[in-house]
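Chemist: The structure is given below, and queries will be raised subsequently.
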Amino acid sequence: MSAPVIDIRGLVTRFGSHLVHDGLDLSIPAGEVMALVGGSGSGKTTLLRQVIGLMRPQRGDIRVLGQPLFSGDLQADRVLRQRFGMLFQQGALFSALNVLENIAFPLRELRWLDRETIHDLVMIKLAMVELEPRHAWLMPAELSGGMVKRVALARALALEPELLLLDEPTAGLDPDRSAAFVSLIRRLRDQLGLSVVLVTHDIDTLSALATRVAVLGDRRILAEGTLDHVMKQDHPFIRSFFGAARHAGSAY
Amino acid sequence: MGVPTVSFEMTGAQPVAVLSGEWTLTGLRGRLDTLRRQLASADAARAGHWDLREVTRLDSLGATTLWRAWGDRLPERLEADPHTLDMLRVAAVLGPCRPAPRMRPRRGDALVALGRLGGALVAQLLGMIALSGQILFDAVRMLRFPQDAPLRELSANLYKTGVTALPITALVGFLIGVVLSYLSALQLKTFGADVFIINILGIGIIRELGPVLVAVLVAGRSGSAMTAQLGVMRVTEEIDALVTMGVPATLRLVLPKVAALVAAMPLLVLWTSASALFGGMVAAAVQLDIGFGFFLDTLPRVVPIANLYIGFGKGLAFGLVIALVACHFGLTVRPNTESLSSNTTRSVVSAITCVILVDAVFAIATRHIGMPT
């Protein structure tokens, strides 16, 4: 097994008197698609925000791609953040910039690529997420929900990350589009050799995409492993969450 | 990590191009220009055989660089890993399409810009007139259905725009009064015309300075807040949600703001003028030895009461203008952050400009009224 892309040890998170994570350990191996699932309020999104460095945990150690997120060295921290891409739930596109500028933004921030190259790279990224060149001139407000996700994915992939984090990638999409988006992510993952971590509560997305599953509950990881392994665990949440899945699965 | 390289080996008549290393965003950093030159060299042009088997990784930057160097096509003889080939095929989506050249200013652009500005001004004016009409309709509707009257919003807005503005307007009014009185006193002393300080302060503050001062403060305080609030409600589709529930947006959001500001402004004018007069009185007592009793006794004799009414009238008009401008710009925010910020700026600037314009109209219309004879 190769080195873990994300390594979390003894994580403690507390909001006031509310304890969210208590000594949580999780290690995500490279090349896997790891799905984080859990009931509402189990701290999935909080965990994801800590992994990308938007929140500092009160206690515990998080290493991403083998390095700590807050090393104290500003340049190292910045380079580390360029090595992973994040797809936010609502896309989080810059509303004042058009699609082209949105995808070009991280590339421009490198400050050593010329205009023509950036334009070419953006066009490639657009094609990768199955959008057409003419979409490059639209503003985020003019895009449909599915297109926003695709543009946001293209932006997350702009710097050729090794690790892709997805927060509810299919939330708000109809089943058709959601299936198409899942197959797009799967294809890109194979093509680019990405490690993927996703937070989801959609069982179809989970079963179609994830190679491993980690279940959050009771302030720690309840179970972690392949989908089959996790589904065999005996815990009320796992039973109810995947119980619905068994029915849904048999319907296909 | 392998450094990306390209070398040309002579085997037979044609050179073979051998590429190796990491052709990726990180690998190519700082080496892109050198490699591009090598790829554009004569050797590369003659190379009939490209060997990419030594390339450990190739991402879209590497693929783009090669694709463009090959003149937007794959070379006839190409050896590469399937994965590398895949990436190169991805680059094949690149057409000859290049970014549009940067816009350069041309002659006549200034004229076009001026025309656009005029057009925009007319459009804003029409929008403002339409909004006023809508508010009128809403007012009529409210008379027919009194239970629809947004009384809570009215009271909330009165508190927000009126009551919470009291401390700042009093402070600014007091300081302006002190400054005005102090500067005038210096001049009047040299002419021995000390008592006229009361005339100057009375007419100046009650008729002119009080209303304009309040208007500028309120435009910056409440006008910007109204624009930002309506703007964000538009961006987050809250206004659409309101309309969907059958609540007319102008009735619930705009009318209470306009009505509250129209009601609050004359009172704020009174309050600020009083505060400014008090400041002037204090400075006059210190500078010219004019007692409070004498000041208050003389004030009504030298300042006709009509000036107070003019001040009230200005307060009403300024309140209407500020609220209308602020709501108009708030409702025309487009759903992006840039538009929100530019509309808030425009709202404050236009409101203050309109206030000065209306003030000029007042000055002309009331030039025969309230002047001491």
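Each chain of the structure tokens is named A, B, ... in the order shown, its residues numbered from 1; ligands are numbered from 1 in display order.
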Could you build a table of the residues in chain A lying no more than 9 Å from chain B, giving for each the nearest pair of atoms and their separation in Å rounded to one decimal place, using only C-alpha atoms, ordered by chain and ascending residue number, as JSON lines?
Modeler:
{"residue": "A:Phe94", "atom": "CA", "partner": "B:Asn336", "partner_atom": "CA", "distance": 8.2}
{"residue": "A:Ser95", "atom": "CA", "partner": "B:Asn336", "partner_atom": "CA", "distance": 4.7}
{"residue": "A:Ala96", "atom": "CA", "partner": "B:Glu338", "partner_atom": "CA", "distance": 5.3}
{"residue": "A:Leu97", "atom": "CA", "partner": "B:Asn336", "partner_atom": "CA", "distance": 8.7}
{"residue": "A:Trp112", "atom": "CA", "partner": "B:Arg29", "partner_atom": "CA", "distance": 7.7}
{"residue": "A:Leu113", "atom": "CA", "partner": "B:Arg29", "partner_atom": "CA", "distance": 8.8}
{"residue": "A:Arg115", "atom": "CA", "partner": "B:Pro99", "partner_atom": "CA", "distance": 7.8}
{"residue": "A:Glu116", "atom": "CA", "partner": "B:Pro99", "partner_atom": "CA", "distance": 6.5}
{"residue": "A:Thr117", "atom": "CA", "partner": "B:Thr64", "partner_atom": "CA", "distance": 7.6}
{"residue": "A:Ile118", "atom": "CA", "partner": "B:Leu61", "partner_atom": "CA", "distance": 8.9}
{"residue": "A:His119", "atom": "CA", "partner": "B:Pro99", "partner_atom": "CA", "distance": 6.3}
{"residue": "A:Asp120", "atom": "CA", "partner": "B:Leu94", "partner_atom": "CA", "distance": 6.8}
{"residue": "A:Leu121", "atom": "CA", "partner": "B:Leu61", "partner_atom": "CA", "distance": 6.5}
{"residue": "A:Met123", "atom": "CA", "partner": "B:Leu94", "partner_atom": "CA", "distance": 6.9}
{"residue": "A:Ile124", "atom": "CA", "partner": "B:Ala91", "partner_atom": "CA", "distance": 6.2}
{"residue": "A:Lys125", "atom": "CA", "partner": "B:Ser60", "partner_atom": "CA", "distance": 8.2}
{"residue": "A:Ala127", "atom": "CA", "partner": "B:Val93", "partner_atom": "CA", "distance": 7.0}
{"residue": "A:Met128", "atom": "CA", "partner": "B:Val90", "partner_atom": "CA", "distance": 7.6}
{"residue": "A:Met139", "atom": "CA", "partner": "B:Asn336", "partner_atom": "CA", "distance": 8.9}
{"residue": "A:Pro140", "atom": "CA", "partner": "B:Asn336", "partner_atom": "CA", "distance": 8.4}
{"residue": "A:Ala141", "atom": "CA", "partner": "B:Pro335", "partner_atom": "CA", "distance": 6.4}
{"residue": "A:Leu159", "atom": "CA", "partner": "B:Leu25", "partner_atom": "CA", "distance": 7.3}
{"residue": "A:Glu160", "atom": "CA", "partner": "B:Asp59", "partner_atom": "CA", "distance": 7.1}
{"residue": "A:Gln191", "atom": "CA", "partner": "B:His83", "partner_atom": "CA", "distance": 7.6}
{"residue": "A:Leu192", "atom": "CA", "partner": "B:Asp59", "partner_atom": "CA", "distance": 8.0}
Chemist: Please provide the set of residues having any atom within 12 Å of range 214-216 of chain B, restricted to only C-alpha atoms, with same-chain residues fewer than 6 positions apart removed, written as an MDAnalysis selection string.
Modeler: chainID B and resid 161:162 165:173 176 205:206 208 222:224 261:262 264:273 275:276 311:312 314:323 348:356 358:359
Chemist: Which residues are close to Ala223 in chain A, i.e. within 10 Å by only C-alpha atoms, leaving aside same-chain residues fewer than 3 positions away? Reply as a tab-separated table (two decimals) with C-alpha atoms, in the first residue's frame.
Modeler:
chain	number	residue	atom	x	y	z
A	213	VAL	CA	-15.99	4.13	2.59
A	214	ALA	CA	-15.49	5.72	6.00
A	215	VAL	CA	-18.52	6.17	8.23
A	216	LEU	CA	-18.52	9.04	10.72
A	217	GLY	CA	-20.60	8.80	13.85
A	220	ARG	CA	-15.15	9.15	15.45
A	226	THR	CA	-14.50	-1.38	1.16
A	229	HIS	CA	-16.89	-4.61	4.44
A	230	VAL	CA	-18.58	-1.50	5.82
A	231	MET	CA	-22.06	-2.72	5.01
A	232	LYS	CA	-21.49	-5.84	7.14
A	233	GLN	CA	-20.76	-3.79	10.27
A	234	ASP	CA	-23.41	-3.88	12.91
A	235	HIS	CA	-24.28	-0.37	14.00
A	238	ILE	CA	-24.84	1.89	9.23
Chemist: How far is it from CA of Gly204 in chain B to CA of Ala263 in chain B, in Å with one decimal?
Modeler: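 Atom-to-atom, CA of Gly204 in chain B and CA of Ala263 in chain B are spaced 23.1 Å apart.
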Chemist: For a quick check of understanding, using only C-alpha atoms, which of A:Val148, A:Val12, A:Leu110, A:Ala179 has the smallest distance to Leu209 in chain A?
Modeler: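 When distances to Leu209 in chain A are compared using only C-alpha atoms, the smallest one comes from A:Ala179.
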Chemist: I'd like to know which of B:Leu357, B:Ala241, B:Val232, B:Val179 is closest to Leu277 in chain B, using only C-alpha atoms.
Modeler: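 Using only C-alpha atoms, the shortest distance to Leu277 in chain B belongs to B:Val179.
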Chemist: Which residues come within 7 Å of range 6-23 of chain B, counting only C-alpha atoms, excluding same-chain residues fewer than 3 positions away, as an NGL selection string?
Modeler: :B and (1-3 or 27-28 or 43-44 or 46-52 or 54-59 or 62)
Chemist: Could the residues in this selection be saved with N, CA and C atoms as a PDB file, in the first residue's frame?
Modeler:
ATOM      1  N   MET B   1      12.445  13.155  -9.185  1.00  0.00           N
ATOM      2  CA  MET B   1      11.566  13.663 -10.260  1.00  0.00           C
ATOM      3  C   MET B   1      12.418  14.014 -11.464  1.00  0.00           C
ATOM      4  N   GLY B   2      12.063  13.476 -12.617  1.00  0.00           N
ATOM      5  CA  GLY B   2      12.864  13.679 -13.816  1.00  0.00           C
ATOM      6  C   GLY B   2      12.666  15.046 -14.424  1.00  0.00           C
ATOM      7  N   VAL B   3      13.751  15.686 -14.757  1.00  0.00           N
ATOM      8  CA  VAL B   3      13.684  16.987 -15.423  1.00  0.00           C
ATOM      9  C   VAL B   3      13.239  16.762 -16.871  1.00  0.00           C
ATOM     10  N   GLY B  27       7.062  20.234 -13.274  1.00  0.00           N
ATOM     11  CA  GLY B  27       8.332  19.922 -13.920  1.00  0.00           C
ATOM     12  C   GLY B  27       8.771  20.986 -14.906  1.00  0.00           C
ATOM     13  N   LEU B  28       7.801  21.614 -15.574  1.00  0.00           N
ATOM     14  CA  LEU B  28       8.139  22.557 -16.646  1.00  0.00           C
ATOM     15  C   LEU B  28       8.424  23.960 -16.122  1.00  0.00           C
ATOM     16  N   ASP B  43      16.274  21.186 -36.029  1.00  0.00           N
ATOM     17  CA  ASP B  43      16.310  19.743 -35.804  1.00  0.00           C
ATOM     18  C   ASP B  43      14.904  19.196 -35.615  1.00  0.00           C
ATOM     19  N   ALA B  44      14.140  19.910 -34.776  1.00  0.00           N
ATOM     20  CA  ALA B  44      12.788  19.458 -34.492  1.00  0.00           C
ATOM     21  C   ALA B  44      11.940  19.464 -35.749  1.00  0.00           C
ATOM     22  N   ARG B  46      12.897  18.916 -38.727  1.00  0.00           N
ATOM     23  CA  ARG B  46      13.238  17.813 -39.628  1.00  0.00           C
ATOM     24  C   ARG B  46      12.959  16.453 -39.007  1.00  0.00           C
ATOM     25  N   ALA B  47      12.788  16.430 -37.683  1.00  0.00           N
ATOM     26  CA  ALA B  47      12.624  15.153 -37.006  1.00  0.00           C
ATOM     27  C   ALA B  47      11.392  14.433 -37.534  1.00  0.00           C
ATOM     28  N   GLY B  48      11.616  13.207 -37.965  1.00  0.00           N
ATOM     29  CA  GLY B  48      10.474  12.471 -38.498  1.00  0.00           C
ATOM     30  C   GLY B  48       9.924  11.492 -37.477  1.00  0.00           C
ATOM     31  N   HIS B  49      10.635  11.314 -36.403  1.00  0.00           N
ATOM     32  CA  HIS B  49      10.288  10.268 -35.462  1.00  0.00           C
ATOM     33  C   HIS B  49      10.362  10.842 -34.047  1.00  0.00           C
ATOM     34  N   TRP B  50       9.291  10.744 -33.332  1.00  0.00           N
ATOM     35  CA  TRP B  50       9.259  11.293 -31.974  1.00  0.00           C
ATOM     36  C   TRP B  50       9.117  10.143 -30.988  1.00  0.00           C
ATOM     37  N   ASP B  51      10.055  10.086 -30.057  1.00  0.00           N
ATOM     38  CA  ASP B  51      10.058   9.015 -29.071  1.00  0.00           C
ATOM     39  C   ASP B  51       9.725   9.595 -27.700  1.00  0.00           C
ATOM     40  N   LEU B  52       8.545   9.289 -27.223  1.00  0.00           N
ATOM     41  CA  LEU B  52       8.099   9.856 -25.947  1.00  0.00           C
ATOM     42  C   LEU B  52       8.055   8.791 -24.850  1.00  0.00           C
ATOM     43  N   GLU B  54      10.220   7.757 -22.844  1.00  0.00           N
ATOM     44  CA  GLU B  54      10.937   8.085 -21.610  1.00  0.00           C
ATOM     45  C   GLU B  54      10.195   9.124 -20.771  1.00  0.00           C
ATOM     46  N   VAL B  55       9.090   9.644 -21.297  1.00  0.00           N
ATOM     47  CA  VAL B  55       8.330  10.651 -20.548  1.00  0.00           C
ATOM     48  C   VAL B  55       7.609   9.962 -19.391  1.00  0.00           C
ATOM     49  N   THR B  56       7.935  10.371 -18.167  1.00  0.00           N
ATOM     50  CA  THR B  56       7.330   9.694 -17.014  1.00  0.00           C
ATOM     51  C   THR B  56       5.905  10.180 -16.758  1.00  0.00           C
ATOM     52  N   ARG B  57       5.714  11.497 -16.911  1.00  0.00           N
ATOM     53  CA  ARG B  57       4.347  12.011 -16.739  1.00  0.00           C
ATOM     54  C   ARG B  57       4.125  13.151 -17.723  1.00  0.00           C
ATOM     55  N   LEU B  58       2.909  13.249 -18.187  1.00  0.00           N
ATOM     56  CA  LEU B  58       2.566  14.323 -19.118  1.00  0.00           C
ATOM     57  C   LEU B  58       1.210  14.859 -18.685  1.00  0.00           C
ATOM     58  N   ASP B  59       1.113  16.152 -18.405  1.00  0.00           N
ATOM     59  CA  ASP B  59      -0.207  16.702 -18.074  1.00  0.00           C
ATOM     60  C   ASP B  59      -0.642  17.657 -19.175  1.00  0.00           C
ATOM     61  N   GLY B  62       2.076  19.990 -20.584  1.00  0.00           N
ATOM     62  CA  GLY B  62       3.013  19.301 -21.467  1.00  0.00           C
ATOM     63  C   GLY B  62       2.378  18.988 -22.805  1.00  0.00           C
TER      64      GLY B  62
END
Chemist: Check the DSSP output for the backbone and give back, as a VMD selection string, the residues of range 3-249 of chain A in strand (DSSP E or B).
Modeler: chain A and resid 4 to 15 18 to 29 33 to 38 59 to 64 67 to 68 84 to 87 163 to 167 195 to 199 212 to 217 220 to 225
Chemist: Would you kindly return, as a PDB file with all heavy atoms, in the first residue's frame, each protein, DNA or RNA residue with an atom no farther than 8 Å from any atom of Ala171 in chain A, considering only C-alpha atoms and excluding same-chain residues fewer than 2 positions away?
Modeler:
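Written output follows (around-v9.pdb):
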ATOM      1  N   GLN A  89     -19.557  22.635  -2.558  1.00  0.00           N
ATOM      2  CA  GLN A  89     -20.909  22.143  -2.814  1.00  0.00           C
ATOM      3  C   GLN A  89     -21.676  23.040  -3.778  1.00  0.00           C
ATOM      4  O   GLN A  89     -22.339  22.562  -4.682  1.00  0.00           O
ATOM      5  CB  GLN A  89     -21.664  22.029  -1.486  1.00  0.00           C
ATOM      6  CG  GLN A  89     -22.961  21.280  -1.623  1.00  0.00           C
ATOM      7  CD  GLN A  89     -23.619  21.027  -0.284  1.00  0.00           C
ATOM      8  OE1 GLN A  89     -23.047  21.267   0.763  1.00  0.00           O
ATOM      9  NE2 GLN A  89     -24.828  20.541  -0.320  1.00  0.00           N
ATOM     10  N   GLU A 168     -20.218  16.956  -1.454  1.00  0.00           N
ATOM     11  CA  GLU A 168     -21.541  16.668  -2.036  1.00  0.00           C
ATOM     12  C   GLU A 168     -21.541  16.923  -3.540  1.00  0.00           C
ATOM     13  O   GLU A 168     -22.254  17.802  -4.028  1.00  0.00           O
ATOM     14  CB  GLU A 168     -22.611  17.547  -1.375  1.00  0.00           C
ATOM     15  CG  GLU A 168     -22.747  17.351   0.120  1.00  0.00           C
ATOM     16  CD  GLU A 168     -23.549  16.120   0.485  1.00  0.00           C
ATOM     17  OE1 GLU A 168     -23.981  15.394  -0.437  1.00  0.00           O
ATOM     18  OE2 GLU A 168     -23.717  15.864   1.685  1.00  0.00           O
ATOM     19  N   PRO A 169     -20.778  16.158  -4.314  1.00  0.00           N
ATOM     20  CA  PRO A 169     -20.639  16.485  -5.737  1.00  0.00           C
ATOM     21  C   PRO A 169     -21.945  16.411  -6.518  1.00  0.00           C
ATOM     22  O   PRO A 169     -22.092  17.101  -7.517  1.00  0.00           O
ATOM     23  CB  PRO A 169     -19.641  15.437  -6.246  1.00  0.00           C
ATOM     24  CG  PRO A 169     -19.660  14.347  -5.250  1.00  0.00           C
ATOM     25  CD  PRO A 169     -19.977  14.978  -3.942  1.00  0.00           C
ATOM     26  N   LEU A 173     -28.388  18.049  -8.189  1.00  0.00           N
ATOM     27  CA  LEU A 173     -28.480  17.664  -9.607  1.00  0.00           C
ATOM     28  C   LEU A 173     -29.570  16.608  -9.748  1.00  0.00           C
ATOM     29  O   LEU A 173     -29.767  15.786  -8.854  1.00  0.00           O
ATOM     30  CB  LEU A 173     -27.148  17.083 -10.085  1.00  0.00           C
ATOM     31  CG  LEU A 173     -25.929  17.993 -10.021  1.00  0.00           C
ATOM     32  CD1 LEU A 173     -24.725  17.261 -10.586  1.00  0.00           C
ATOM     33  CD2 LEU A 173     -26.170  19.267 -10.794  1.00  0.00           C
ATOM     34  N   ASP A 202     -25.505  10.677  -0.830  1.00  0.00           N
ATOM     35  CA  ASP A 202     -26.264  10.069  -1.913  1.00  0.00           C
ATOM     36  C   ASP A 202     -25.712   8.667  -2.173  1.00  0.00           C
ATOM     37  O   ASP A 202     -24.570   8.491  -2.560  1.00  0.00           O
ATOM     38  CB  ASP A 202     -26.149  10.935  -3.165  1.00  0.00           C
ATOM     39  CG  ASP A 202     -26.942  10.335  -4.303  1.00  0.00           C
ATOM     40  OD1 ASP A 202     -28.067   9.877  -4.041  1.00  0.00           O
ATOM     41  OD2 ASP A 202     -26.424  10.291  -5.430  1.00  0.00           O
TER      42      ASP A 202
END
Chemist: As a ChimeraX atom specification, list the residues of range 1-232 of chain A assigned to alpha helix (DSSP H) by DSSP on the backbone atoms of this structure.
Modeler: /A:44-51,74-81,99-110,115-128,145-156,175-192,203-209,227-231
Chemist: Grab the CA of Arg53 in chain B to CA of Arg36 in chain B distance for me, in Å with one decimal place.
Modeler: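 Going from CA of Arg53 in chain B over to CA of Arg36 in chain B, I get 19.3 Å.
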Chemist: May I have the residues within 12 Å of Gly60 in chain A as a list in words, using only C-alpha atoms and disregarding those fewer than 2 positions away in the same chain?
Modeler: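 Result of the neighbour search: Asp7, Ile8, Arg9, Gly10, Leu11, Val12, Thr13, His21, Asp22, Gly23, Leu24, Asp25, Leu26, Gln50, Val51, Arg56, Pro57, Gln58, Ile62, Arg63 and Pro68 of chain A.
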Chemist: CA of His201 in chain A to CA of Gly39 in chain A: how many Å, to one decimal?
Modeler: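 Those two atoms sit 8.1 Å apart.
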Chemist: Just the residues within 9 Å of Met86 in chain A, please, counting only C-alpha atoms, with nothing from its chain fewer than 6 positions along; format it as a PyMOL selection string.
Modeler: chain A and resi 52+152-153+155-157+163-167
